[in-house]
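Only one structure is covered here, and it is reproduced in the block below.
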Amino acid sequence: MTPDLFAHEPQGGEGPGAAAPPAERAAWLREQLQRYDYHYYVLDAPLVPDAEYDRLFRELQALEHAHPELQTPDSPTQRVGGGLLDELPKVRHRVPMLSIQTETDTTPAGAFAFDARIRKRLGLGPDDPPVEYAAELKFDGLAISLRYEEGVLVRAVTRGNGEEGEDVTANVRTIRQIPLRLQGVVPPVLEARGEIYMRRDDFERLNQRRREAGEPTFINPRNTAAGAVRQLDPKVTAARPLSFFAYGIGEVQGWRGEPSTHSALLDALAHFGLPVSHERAVVRGGDGLAEFHARIAAKRDQLPFDIDGVVYKVNSLALQRQLGFRNREPVWAVAHKYPAQEQMTLLRDIEVQVGRTGKLTPVAKLAPVFVGGVTVTNATLHNQDEIRRKDVRIGDTVIVRRAGDVIPEVVSVVLERRPPEVAASEPWDLYARLQGRCPVCGSDIVREEGEVDWRCTGGLFCAAQRKQALLHFAQRRAMDIEGLGEKLVDQLVDGGLVRTLPDLYKLGVAKLAQLERMADKSAQNLVQALEKSKRTTLSRFLFGLGIRHVGEATAKDLARHFGRLDRIMDASVEELLEVPEVGPVVAQSIRTFFDQPHNREVVEQLRAAGITWEEGEAGRGHEAQPLAGLTFVLTGTLPALTREEAKAMIEAAGGKVAGSVSKKTSYVVAGEEAGSKLTKAQELGVPVLDEAGLRALLNQGA
């Protein structure tokens, strides 16, 4: 591990205040920026978000401008930021890799200000035509220079300090997007410059693999990409999904017909086989720049990779040479940023929210901070494991990230700003904070082996899960309450008419008709649907309870094995494990569900409301499987049973229901308007039953 060379230097705080002597303030700013540079470029572990770094950098620039005598050769304002790893060979750039000026005014005014500066330097008046610009993206990755000789990649060098970089050729060769040989007729020497980055989807997949392997996850794509490129072992780089975009050139020798504009230069690089972003345009004047900035801002969050702004360059290469450089920055280019997506703020508290499915999510309560274009006071902490990994504690200064409509999240802690009393405190623990109980309903909380999320076990009773429980209970494959959809559930719950599942069966036409957009006829239909749902099967009822890990198939297996609800509710884990396809996780989930008094009370109230099922339909364990080994096909409309009801009855009695008729079919159950399946059965000589015949078979085991 590379040592922290600043470990014993003063840390944290804002240093000498504005009233301090300028020399003292400037010295402190230089020290802080050098420290941040080291952690950002050398250790690939940023201490503060970009916005905080930019703020201090601008302050130092202003001080040095007002007091030129304070400017020192080692000031961060006098060089391109960066550092070198001693372990990697150093290479001097033939053409320096300089950074460009940043326009921090994120409004359209920033575009117009750059255009005005260019027109002034070119001596253009108001009647002269607009300047032509190449507009492109400002990628958030690691700058790299690729040297091709006779079309073959011979060296890849990082920006480093702008004059000298690190030789990472072996690592870069592993990036499949970077060609080892250019296409077509190419210059004898061509240095293509661009950005190595990591796509968001690749980053998420990489982190998912690390979670599954029990390894710590990475914080963001930019630092993950930078760290991968600068590994000492190319095999590590090869295992990281890196990408590349070219955006310019360094040294060139012998290029016949070299393009005259920057946009044509990018076209030529693409023609050589180098990846070049399609998100670029040639625009005219400040209006064109502002329009490009706004257009990219609107689609920024839909891009598959991170950017923190756009870049404007005078398109004419001849005009670029005429405009030249100032303070080691090209006059002819500028980076126009967007609002920072990361900011620092104080973590005041951590609360726990209960989701619709019972998932418990720790939420950071923050001192208000403007980030990603809005003021943020809450941010997700995801789960207990993430809190532990990031070592987040109440009272910390944290970095908050918000991108577009994505929920704000706490990405890391600024450890150097951690107060002593916070450092002495115990790490935050969700189970201890809640004393093992759901903050909404008081039910036990559990975390299954191998899972990261804690969950409330009071699914039928918990107010936070009320709407989800109702929708699941009412769905077609469960209790099949026709007309009880999401909008109506919202009205019933928000209006206080339904608090738990049994309340559904207390609804009358008069109460329902008072709801918005609920006519008498609709109210009557819902009451009839509720009444009809009381006649069901044990497997449907079990599935409707929403027990975690108990789907339709498992509910049917439980109904077949035990036959009666009481036996399931009282079954031990060992007895549940005797059911086919029920493993330890499912067995424990069932046992935990019925161990909650709230859940058992809701089940009894549902029974008291009149919900029943025929024992023959539910199955009666090993003793009653009258249709075991038989395969049925259903076709047409039956007099009393829906196709789903008939299927449930057959499966509960041990039979199987297939979708097509074959020689292996035992019976075809046919109703009115039976179609080709009935014809096929007659051709194959498969016995055909009506609904009465099916019921007769079911009753054989009674």
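A note on labels: chains of the structure tokens are A, B, ... as shown, every chain counts residues from 1, and ligands are counted from 1 in their shown order.
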Leaving out region 683-700 of chain A and any residue of its chain fewer than 5 positions from it, which residues lie within 10 Å of it when counting only C-alpha atoms, given as a PyMOL selection string? chain A and resi 616-617+619+624-627+632-634+637-641+646+649-650+652-655+661-672+677-678
Requested in this report: Write out as a ChimeraX atom specification all residues of region 318-551 of chain A that DSSP puts in helix (DSSP H, G or I) for this structure's backbone.
Outcome: /A:318-323,384-390,415-417,420-423,430-434,463-474,486-494,501-506,509-513,520-533,538-544
Kindly save the residues from that selection, with C-alpha atoms included, as a PDB file, in the first residue's frame.
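The result, written out as part_30.pdb:
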ATOM      1  CA  ALA A 318      -5.175  27.670 -37.412  1.00  0.00           C
ATOM      2  CA  LEU A 319      -7.128  29.905 -35.038  1.00  0.00           C
ATOM      3  CA  GLN A 320      -6.111  27.661 -32.144  1.00  0.00           C
ATOM      4  CA  ARG A 321      -2.447  28.290 -32.996  1.00  0.00           C
ATOM      5  CA  GLN A 322      -3.149  32.018 -33.310  1.00  0.00           C
ATOM      6  CA  LEU A 323      -4.862  32.168 -29.912  1.00  0.00           C
ATOM      7  CA  GLN A 384     -26.274  -2.080   7.431  1.00  0.00           C
ATOM      8  CA  ASP A 385     -23.400  -3.655   5.500  1.00  0.00           C
ATOM      9  CA  GLU A 386     -22.863  -0.472   3.467  1.00  0.00           C
ATOM     10  CA  ILE A 387     -22.844   1.619   6.662  1.00  0.00           C
ATOM     11  CA  ARG A 388     -20.225  -0.681   8.156  1.00  0.00           C
ATOM     12  CA  ARG A 389     -18.126  -0.697   4.984  1.00  0.00           C
ATOM     13  CA  LYS A 390     -18.119   3.102   4.773  1.00  0.00           C
ATOM     14  CA  LEU A 415     -12.595  11.021   7.931  1.00  0.00           C
ATOM     15  CA  GLU A 416     -10.234  13.947   8.412  1.00  0.00           C
ATOM     16  CA  ARG A 417     -13.225  16.014   9.583  1.00  0.00           C
ATOM     17  CA  PRO A 420     -13.052  13.240  18.438  1.00  0.00           C
ATOM     18  CA  GLU A 421     -16.346  12.380  20.168  1.00  0.00           C
ATOM     19  CA  VAL A 422     -17.627  10.732  16.976  1.00  0.00           C
ATOM     20  CA  ALA A 423     -14.369   8.793  16.564  1.00  0.00           C
ATOM     21  CA  LEU A 430     -29.483  -1.001  12.765  1.00  0.00           C
ATOM     22  CA  TYR A 431     -30.572  -3.902  14.985  1.00  0.00           C
ATOM     23  CA  ALA A 432     -29.339  -2.173  18.147  1.00  0.00           C
ATOM     24  CA  ARG A 433     -30.945   1.133  17.137  1.00  0.00           C
ATOM     25  CA  LEU A 434     -34.350  -0.548  16.686  1.00  0.00           C
ATOM     26  CA  ALA A 463     -48.944  -0.141   8.267  1.00  0.00           C
ATOM     27  CA  ALA A 464     -45.927   0.493   6.032  1.00  0.00           C
ATOM     28  CA  GLN A 465     -46.676  -2.712   4.118  1.00  0.00           C
ATOM     29  CA  ARG A 466     -50.455  -2.317   4.102  1.00  0.00           C
ATOM     30  CA  LYS A 467     -50.962  -1.396   0.453  1.00  0.00           C
ATOM     31  CA  GLN A 468     -48.568  -4.025  -0.822  1.00  0.00           C
ATOM     32  CA  ALA A 469     -50.223  -6.683   1.349  1.00  0.00           C
ATOM     33  CA  LEU A 470     -53.671  -5.762   0.024  1.00  0.00           C
ATOM     34  CA  LEU A 471     -52.598  -5.815  -3.625  1.00  0.00           C
ATOM     35  CA  HIS A 472     -50.861  -9.156  -3.216  1.00  0.00           C
ATOM     36  CA  PHE A 473     -53.854 -10.655  -1.385  1.00  0.00           C
ATOM     37  CA  ALA A 474     -56.284  -9.459  -4.078  1.00  0.00           C
ATOM     38  CA  GLU A 486     -53.759  -0.078  -7.075  1.00  0.00           C
ATOM     39  CA  LYS A 487     -55.764   3.163  -7.328  1.00  0.00           C
ATOM     40  CA  LEU A 488     -58.636   1.790  -5.284  1.00  0.00           C
ATOM     41  CA  VAL A 489     -56.269   0.371  -2.675  1.00  0.00           C
ATOM     42  CA  ASP A 490     -54.689   3.814  -2.378  1.00  0.00           C
ATOM     43  CA  GLN A 491     -58.130   5.337  -1.765  1.00  0.00           C
ATOM     44  CA  LEU A 492     -59.147   2.700   0.779  1.00  0.00           C
ATOM     45  CA  VAL A 493     -55.929   2.960   2.782  1.00  0.00           C
ATOM     46  CA  ASP A 494     -55.447   6.731   2.529  1.00  0.00           C
ATOM     47  CA  LEU A 501     -56.876  -7.423   5.334  1.00  0.00           C
ATOM     48  CA  PRO A 502     -60.032  -8.392   7.320  1.00  0.00           C
ATOM     49  CA  ASP A 503     -61.305  -4.817   6.931  1.00  0.00           C
ATOM     50  CA  LEU A 504     -61.890  -5.592   3.242  1.00  0.00           C
ATOM     51  CA  TYR A 505     -64.769  -7.865   4.169  1.00  0.00           C
ATOM     52  CA  LYS A 506     -66.426  -5.158   6.256  1.00  0.00           C
ATOM     53  CA  VAL A 509     -71.850  -0.486  -0.925  1.00  0.00           C
ATOM     54  CA  ALA A 510     -72.651   2.722   0.980  1.00  0.00           C
ATOM     55  CA  LYS A 511     -69.056   3.228   2.176  1.00  0.00           C
ATOM     56  CA  LEU A 512     -67.549   2.415  -1.202  1.00  0.00           C
ATOM     57  CA  ALA A 513     -69.944   4.659  -3.138  1.00  0.00           C
ATOM     58  CA  ASP A 520     -73.029   2.518  -7.090  1.00  0.00           C
ATOM     59  CA  LYS A 521     -72.622  -0.168  -9.747  1.00  0.00           C
ATOM     60  CA  SER A 522     -68.849  -0.328  -9.247  1.00  0.00           C
ATOM     61  CA  ALA A 523     -69.334  -0.511  -5.482  1.00  0.00           C
ATOM     62  CA  GLN A 524     -71.815  -3.362  -5.875  1.00  0.00           C
ATOM     63  CA  ASN A 525     -69.429  -5.227  -8.189  1.00  0.00           C
ATOM     64  CA  LEU A 526     -66.584  -4.958  -5.677  1.00  0.00           C
ATOM     65  CA  VAL A 527     -68.750  -6.171  -2.795  1.00  0.00           C
ATOM     66  CA  GLN A 528     -69.812  -9.141  -4.940  1.00  0.00           C
ATOM     67  CA  ALA A 529     -66.178  -9.851  -5.842  1.00  0.00           C
ATOM     68  CA  LEU A 530     -65.238  -9.793  -2.157  1.00  0.00           C
ATOM     69  CA  GLU A 531     -68.049 -12.196  -1.352  1.00  0.00           C
ATOM     70  CA  LYS A 532     -67.017 -14.520  -4.180  1.00  0.00           C
ATOM     71  CA  SER A 533     -63.388 -14.515  -2.994  1.00  0.00           C
ATOM     72  CA  LEU A 538     -55.928 -23.428   0.905  1.00  0.00           C
ATOM     73  CA  SER A 539     -53.030 -22.927  -1.520  1.00  0.00           C
ATOM     74  CA  ARG A 540     -54.479 -19.654  -2.852  1.00  0.00           C
ATOM     75  CA  PHE A 541     -55.085 -18.422   0.695  1.00  0.00           C
ATOM     76  CA  LEU A 542     -51.537 -19.301   1.739  1.00  0.00           C
ATOM     77  CA  PHE A 543     -50.082 -17.559  -1.304  1.00  0.00           C
ATOM     78  CA  GLY A 544     -52.270 -14.505  -0.638  1.00  0.00           C
TER      79      GLY A 544
END
For Leu576 (chain A), list every protein, DNA or RNA residue within 9 Å, evaluated using only C-alpha atoms, and leave out those in the same chain fewer than 5 positions away; present the list as a list in words.
Leu558, Ile568, Ala571, Val582, Gly583, Pro584, Val586, Ala587, Gln588, Ile590 and Arg591 of chain A
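Take CA of Thr104 (chain A) and CA of Gly194 (chain A): the distance between them is 22.1 Å.
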(request) Determine which residues of region 362-528 of chain A receive a DSSP assignment of strand (DSSP E), computed from the backbone, and state them as JSON, numbers by chain. (result) {"A": [362, 363, 364, 365, 366, 367, 368, 369, 370, 371, 374, 375, 376, 377, 378, 379, 380, 397, 398, 399, 400, 401, 409, 410, 411, 412, 413, 445, 446, 455, 456]}
Kindly export the residues of the current selection with C-alpha atoms, as a PDB file, in the first residue's frame.
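The result, written out as part-v3.pdb:
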ATOM      1  CA  PRO A 362     -31.380   3.388   6.877  1.00  0.00           C
ATOM      2  CA  VAL A 363     -31.774   7.002   5.769  1.00  0.00           C
ATOM      3  CA  ALA A 364     -29.299   9.782   6.493  1.00  0.00           C
ATOM      4  CA  LYS A 365     -30.805  13.006   7.889  1.00  0.00           C
ATOM      5  CA  LEU A 366     -28.539  15.749   6.593  1.00  0.00           C
ATOM      6  CA  ALA A 367     -27.833  19.399   7.101  1.00  0.00           C
ATOM      7  CA  PRO A 368     -29.405  20.905   3.935  1.00  0.00           C
ATOM      8  CA  VAL A 369     -26.996  20.882   0.997  1.00  0.00           C
ATOM      9  CA  PHE A 370     -27.418  21.970  -2.636  1.00  0.00           C
ATOM     10  CA  VAL A 371     -26.297  19.103  -4.854  1.00  0.00           C
ATOM     11  CA  VAL A 374     -31.667  20.620  -5.712  1.00  0.00           C
ATOM     12  CA  THR A 375     -31.476  21.040  -1.928  1.00  0.00           C
ATOM     13  CA  VAL A 376     -31.071  17.640  -0.275  1.00  0.00           C
ATOM     14  CA  THR A 377     -31.861  16.817   3.376  1.00  0.00           C
ATOM     15  CA  ASN A 378     -32.231  13.008   3.147  1.00  0.00           C
ATOM     16  CA  ALA A 379     -30.017  10.401   1.499  1.00  0.00           C
ATOM     17  CA  THR A 380     -30.095   6.627   1.426  1.00  0.00           C
ATOM     18  CA  THR A 397     -19.065  15.037   7.541  1.00  0.00           C
ATOM     19  CA  VAL A 398     -20.149  12.965   4.564  1.00  0.00           C
ATOM     20  CA  ILE A 399     -20.034  13.217   0.780  1.00  0.00           C
ATOM     21  CA  VAL A 400     -23.515  13.102  -0.747  1.00  0.00           C
ATOM     22  CA  ARG A 401     -24.138  12.277  -4.382  1.00  0.00           C
ATOM     23  CA  GLU A 409     -26.909   8.594  -1.436  1.00  0.00           C
ATOM     24  CA  VAL A 410     -24.063   8.908   1.046  1.00  0.00           C
ATOM     25  CA  VAL A 411     -20.999   7.702  -0.844  1.00  0.00           C
ATOM     26  CA  SER A 412     -18.266   8.172   1.754  1.00  0.00           C
ATOM     27  CA  VAL A 413     -17.118   9.828   4.967  1.00  0.00           C
ATOM     28  CA  ILE A 445     -37.028  -7.826  12.349  1.00  0.00           C
ATOM     29  CA  VAL A 446     -34.958 -10.542  10.686  1.00  0.00           C
ATOM     30  CA  ARG A 455     -36.951  -6.954   7.107  1.00  0.00           C
ATOM     31  CA  CYS A 456     -40.066  -6.511   9.203  1.00  0.00           C
TER      32      CYS A 456
END
Query - Distance criterion (only C-alpha atoms): nearest to Gly250 (chain A) out of A:Val573, A:Ala113, A:Leu146, A:Leu303 - result: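 Nearest candidate to Gly250 (chain A) out of A:Val573, A:Ala113, A:Leu146, A:Leu303: A:Leu146.
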As a PDB file with C-alpha atoms, in the first residue's frame, please: the residues near Glu601 (chain A) (cut-off 12 Å, only C-alpha atoms, same-chain neighbours under 4 positions excluded).
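Result went into part23.pdb, see below:
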ATOM      1  CA  GLY A 458     -45.339  -8.185  10.395  1.00  0.00           C
ATOM      2  CA  LEU A 460     -50.172  -8.532   7.357  1.00  0.00           C
ATOM      3  CA  PHE A 461     -50.229  -6.035  10.204  1.00  0.00           C
ATOM      4  CA  THR A 500     -55.757  -4.699   7.738  1.00  0.00           C
ATOM      5  CA  LEU A 501     -56.876  -7.423   5.334  1.00  0.00           C
ATOM      6  CA  PRO A 502     -60.032  -8.392   7.320  1.00  0.00           C
ATOM      7  CA  MET A 569     -49.295 -22.625  11.274  1.00  0.00           C
ATOM      8  CA  PHE A 593     -44.237 -15.409   9.899  1.00  0.00           C
ATOM      9  CA  PHE A 594     -46.583 -17.471  12.049  1.00  0.00           C
ATOM     10  CA  ASP A 595     -44.574 -16.761  15.215  1.00  0.00           C
ATOM     11  CA  GLN A 596     -45.761 -13.130  15.024  1.00  0.00           C
ATOM     12  CA  PRO A 597     -48.985 -12.750  17.065  1.00  0.00           C
ATOM     13  CA  GLN A 605     -59.994 -12.600  11.559  1.00  0.00           C
ATOM     14  CA  LEU A 606     -60.010 -13.601   7.880  1.00  0.00           C
ATOM     15  CA  ARG A 607     -61.433 -16.971   8.827  1.00  0.00           C
ATOM     16  CA  ALA A 608     -64.046 -15.282  10.976  1.00  0.00           C
TER      17      ALA A 608
END
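Take the candidates A:Ile100, A:Ile394, A:Glu69, A:Val602 and check each one against Arg326 (chain A) using only C-alpha atoms; the shortest distance goes to A:Ile100.
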If you count only C-alpha atoms, the residue of A:Arg121, A:Arg200, A:Arg280, A:Arg402 closest to Ala340 (chain A) turns out to be A:Arg402
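The interatomic distance for the pair CA of Gly248 (chain A) and CA of Arg199 (chain A) works out to 20.7 Å.
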Contacts of Ile296 (chain A) at 12 Å or less, counting only C-alpha atoms, minus same-chain residues fewer than 3 places along, as a short mmCIF file (atom, residue, chain, number, x, y, z; two decimals) with all heavy atoms, in the first residue's frame?
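Generated output (part.cif):
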data_model
loop_
_atom_site.label_atom_id
_atom_site.label_comp_id
_atom_site.auth_asym_id
_atom_site.auth_seq_id
_atom_site.Cartn_x
_atom_site.Cartn_y
_atom_site.Cartn_z
N ALA A 135 -17.91 21.26 -30.04
CA ALA A 135 -18.43 21.03 -28.68
C ALA A 135 -18.47 19.53 -28.42
O ALA A 135 -18.96 18.77 -29.26
CB ALA A 135 -19.82 21.65 -28.53
N GLU A 136 -17.98 19.11 -27.26
CA GLU A 136 -17.92 17.68 -26.94
C GLU A 136 -18.11 17.49 -25.45
O GLU A 136 -18.31 18.46 -24.71
CB GLU A 136 -16.59 17.09 -27.42
CG GLU A 136 -15.38 17.81 -26.87
CD GLU A 136 -14.11 17.53 -27.67
OE1 GLU A 136 -14.08 17.81 -28.87
OE2 GLU A 136 -13.15 17.02 -27.05
N LEU A 137 -18.04 16.25 -25.00
CA LEU A 137 -18.28 15.93 -23.59
C LEU A 137 -17.00 16.02 -22.77
O LEU A 137 -15.90 15.79 -23.29
CB LEU A 137 -18.85 14.51 -23.46
CG LEU A 137 -20.11 14.20 -24.27
CD1 LEU A 137 -20.58 12.77 -23.98
CD2 LEU A 137 -21.21 15.19 -23.97
N LYS A 138 -17.15 16.33 -21.50
CA LYS A 138 -16.03 16.29 -20.56
C LYS A 138 -16.14 15.00 -19.75
O LYS A 138 -16.91 14.92 -18.80
CB LYS A 138 -16.05 17.51 -19.63
CG LYS A 138 -14.83 17.60 -18.71
CD LYS A 138 -14.86 18.87 -17.88
CE LYS A 138 -13.61 19.00 -17.03
NZ LYS A 138 -13.46 17.92 -16.06
N HIS A 278 -19.94 9.96 -30.08
CA HIS A 278 -20.88 10.55 -31.04
C HIS A 278 -21.57 11.78 -30.48
O HIS A 278 -22.20 12.53 -31.23
CB HIS A 278 -21.94 9.51 -31.44
CG HIS A 278 -21.37 8.31 -32.13
ND1 HIS A 278 -20.71 8.40 -33.34
CD2 HIS A 278 -21.34 7.00 -31.78
CE1 HIS A 278 -20.31 7.19 -33.71
NE2 HIS A 278 -20.67 6.33 -32.78
N GLU A 279 -21.46 11.98 -29.18
CA GLU A 279 -22.11 13.14 -28.55
C GLU A 279 -21.22 14.37 -28.71
O GLU A 279 -20.59 14.84 -27.78
CB GLU A 279 -22.38 12.86 -27.07
CG GLU A 279 -23.38 11.76 -26.80
CD GLU A 279 -24.79 12.15 -27.16
OE1 GLU A 279 -25.04 13.35 -27.44
OE2 GLU A 279 -25.66 11.28 -27.17
N ARG A 280 -21.15 14.87 -29.94
CA ARG A 280 -20.36 16.06 -30.23
C ARG A 280 -21.03 16.81 -31.38
O ARG A 280 -21.86 16.26 -32.10
CB ARG A 280 -18.91 15.71 -30.58
CG ARG A 280 -18.76 14.71 -31.71
CD ARG A 280 -17.31 14.22 -31.82
NE ARG A 280 -17.14 13.17 -32.80
CZ ARG A 280 -16.73 13.35 -34.05
NH1 ARG A 280 -16.46 14.59 -34.47
NH2 ARG A 280 -16.60 12.34 -34.88
N ALA A 281 -20.67 18.08 -31.52
CA ALA A 281 -21.31 18.89 -32.55
C ALA A 281 -20.42 20.06 -32.92
O ALA A 281 -19.55 20.48 -32.14
CB ALA A 281 -22.66 19.42 -32.05
N LEU A 289 -23.16 27.26 -28.40
CA LEU A 289 -22.53 26.64 -27.22
C LEU A 289 -23.56 26.42 -26.11
O LEU A 289 -23.61 25.35 -25.50
CB LEU A 289 -21.39 27.53 -26.72
CG LEU A 289 -20.20 27.71 -27.65
CD1 LEU A 289 -19.20 28.69 -27.02
CD2 LEU A 289 -19.52 26.38 -27.95
N ALA A 290 -24.37 27.44 -25.83
CA ALA A 290 -25.37 27.34 -24.77
C ALA A 290 -26.39 26.26 -25.07
O ALA A 290 -26.82 25.51 -24.18
CB ALA A 290 -26.06 28.69 -24.56
N GLU A 291 -26.78 26.15 -26.35
CA GLU A 291 -27.76 25.12 -26.73
C GLU A 291 -27.17 23.73 -26.53
O GLU A 291 -27.85 22.82 -26.05
CB GLU A 291 -28.17 25.31 -28.19
CG GLU A 291 -29.31 24.41 -28.66
CD GLU A 291 -28.86 23.02 -29.02
OE1 GLU A 291 -27.70 22.85 -29.48
OE2 GLU A 291 -29.66 22.06 -28.84
N PHE A 292 -25.90 23.54 -26.88
CA PHE A 292 -25.25 22.23 -26.69
C PHE A 292 -25.17 21.90 -25.20
O PHE A 292 -25.44 20.76 -24.79
CB PHE A 292 -23.85 22.26 -27.31
CG PHE A 292 -23.11 20.95 -27.20
CD1 PHE A 292 -23.35 19.93 -28.10
CD2 PHE A 292 -22.18 20.75 -26.20
CE1 PHE A 292 -22.68 18.71 -28.01
CE2 PHE A 292 -21.49 19.54 -26.09
CZ PHE A 292 -21.75 18.53 -27.00
N HIS A 293 -24.79 22.89 -24.40
CA HIS A 293 -24.69 22.68 -22.94
C HIS A 293 -26.04 22.25 -22.37
O HIS A 293 -26.12 21.31 -21.57
CB HIS A 293 -24.23 23.99 -22.29
CG HIS A 293 -23.95 23.89 -20.82
ND1 HIS A 293 -24.88 24.22 -19.87
CD2 HIS A 293 -22.84 23.49 -20.15
CE1 HIS A 293 -24.36 24.05 -18.67
NE2 HIS A 293 -23.12 23.60 -18.80
N LYS A 299 -29.83 15.19 -21.17
CA LYS A 299 -29.65 13.74 -21.37
C LYS A 299 -28.48 13.20 -20.55
O LYS A 299 -28.11 12.03 -20.70
CB LYS A 299 -29.44 13.43 -22.85
CG LYS A 299 -28.20 14.05 -23.44
CD LYS A 299 -28.16 13.95 -24.97
CE LYS A 299 -28.35 12.56 -25.50
NZ LYS A 299 -28.23 12.50 -26.97
N ARG A 300 -27.91 14.04 -19.68
CA ARG A 300 -26.72 13.65 -18.92
C ARG A 300 -26.92 12.35 -18.15
O ARG A 300 -26.07 11.46 -18.18
CB ARG A 300 -26.36 14.77 -17.95
CG ARG A 300 -25.15 14.50 -17.06
CD ARG A 300 -24.98 15.63 -16.06
NE ARG A 300 -23.80 15.48 -15.23
CZ ARG A 300 -23.53 16.24 -14.18
NH1 ARG A 300 -24.34 17.24 -13.86
NH2 ARG A 300 -22.43 16.04 -13.45
N ASP A 301 -28.05 12.23 -17.49
CA ASP A 301 -28.26 11.05 -16.64
C ASP A 301 -28.62 9.81 -17.44
O ASP A 301 -28.61 8.70 -16.90
CB ASP A 301 -29.36 11.34 -15.61
CG ASP A 301 -28.96 12.47 -14.68
OD1 ASP A 301 -27.78 12.50 -14.27
OD2 ASP A 301 -29.80 13.33 -14.40
N GLN A 302 -28.96 9.98 -18.73
CA GLN A 302 -29.24 8.83 -19.58
C GLN A 302 -27.99 8.32 -20.29
O GLN A 302 -28.01 7.25 -20.91
CB GLN A 302 -30.31 9.18 -20.63
CG GLN A 302 -31.73 9.21 -20.10
CD GLN A 302 -31.98 10.37 -19.16
OE1 GLN A 302 -31.72 11.51 -19.52
NE2 GLN A 302 -32.47 10.09 -17.97
N LEU A 303 -26.90 9.08 -20.23
CA LEU A 303 -25.66 8.61 -20.82
C LEU A 303 -25.17 7.39 -20.07
O LEU A 303 -25.36 7.28 -18.86
CB LEU A 303 -24.59 9.72 -20.77
CG LEU A 303 -24.85 10.98 -21.60
CD1 LEU A 303 -23.79 12.03 -21.29
CD2 LEU A 303 -24.86 10.65 -23.08
N ASP A 306 -20.27 8.61 -16.85
CA ASP A 306 -20.32 9.87 -16.12
C ASP A 306 -19.60 10.98 -16.88
O ASP A 306 -18.53 10.77 -17.46
CB ASP A 306 -19.67 9.72 -14.74
CG ASP A 306 -20.53 8.91 -13.79
OD1 ASP A 306 -21.73 8.75 -14.05
OD2 ASP A 306 -19.98 8.42 -12.78
N ILE A 307 -20.18 12.16 -16.86
CA ILE A 307 -19.50 13.38 -17.32
C ILE A 307 -19.74 14.44 -16.26
O ILE A 307 -20.69 14.35 -15.48
CB ILE A 307 -20.02 13.87 -18.69
CG1 ILE A 307 -21.51 14.29 -18.58
CG2 ILE A 307 -19.84 12.82 -19.77
CD1 ILE A 307 -22.04 14.99 -19.82
N ASP A 308 -18.87 15.44 -16.21
CA ASP A 308 -19.12 16.53 -15.26
C ASP A 308 -19.21 17.87 -15.97
O ASP A 308 -19.16 18.92 -15.35
CB ASP A 308 -18.05 16.58 -14.15
CG ASP A 308 -16.64 16.71 -14.69
OD1 ASP A 308 -16.47 16.79 -15.92
OD2 ASP A 308 -15.71 16.74 -13.87
N GLY A 309 -19.33 17.83 -17.30
CA GLY A 309 -19.49 19.06 -18.06
C GLY A 309 -19.30 18.79 -19.54
O GLY A 309 -19.27 17.64 -19.98
N VAL A 310 -19.18 19.87 -20.30
CA VAL A 310 -18.87 19.78 -21.73
C VAL A 310 -17.64 20.61 -22.01
O VAL A 310 -17.22 21.43 -21.18
CB VAL A 310 -20.06 20.23 -22.60
CG1 VAL A 310 -21.25 19.31 -22.43
CG2 VAL A 310 -20.46 21.67 -22.28
N VAL A 311 -17.05 20.42 -23.17
CA VAL A 311 -15.84 21.13 -23.55
C VAL A 311 -16.10 21.86 -24.86
O VAL A 311 -16.65 21.29 -25.80
CB VAL A 311 -14.65 20.17 -23.71
CG1 VAL A 311 -13.42 20.91 -24.23
CG2 VAL A 311 -14.33 19.49 -22.39
N HIS A 336 -16.98 23.64 -19.60
CA HIS A 336 -18.16 24.27 -19.01
C HIS A 336 -18.87 23.23 -18.15
O HIS A 336 -19.46 22.28 -18.67
CB HIS A 336 -19.08 24.79 -20.12
CG HIS A 336 -20.16 25.70 -19.63
ND1 HIS A 336 -21.15 26.18 -20.44
CD2 HIS A 336 -20.40 26.22 -18.39
CE1 HIS A 336 -21.96 26.95 -19.74
NE2 HIS A 336 -21.53 26.98 -18.50
N LYS A 337 -18.82 23.42 -16.85
CA LYS A 337 -19.31 22.39 -15.93
C LYS A 337 -20.82 22.44 -15.73
O LYS A 337 -21.49 23.42 -16.09
CB LYS A 337 -18.61 22.51 -14.58
CG LYS A 337 -17.16 22.03 -14.59
CD LYS A 337 -16.72 21.65 -13.20
CE LYS A 337 -15.40 20.90 -13.22
NZ LYS A 337 -15.04 20.38 -11.90
N TYR A 338 -21.32 21.36 -15.13
CA TYR A 338 -22.71 21.28 -14.67
C TYR A 338 -22.71 21.36 -13.15
O TYR A 338 -21.65 21.26 -12.51
CB TYR A 338 -23.34 19.96 -15.12
CG TYR A 338 -23.55 19.87 -16.61
CD1 TYR A 338 -22.93 18.89 -17.36
CD2 TYR A 338 -24.35 20.79 -17.28
CE1 TYR A 338 -23.12 18.80 -18.73
CE2 TYR A 338 -24.54 20.72 -18.65
CZ TYR A 338 -23.92 19.72 -19.37
OH TYR A 338 -24.11 19.66 -20.71
#
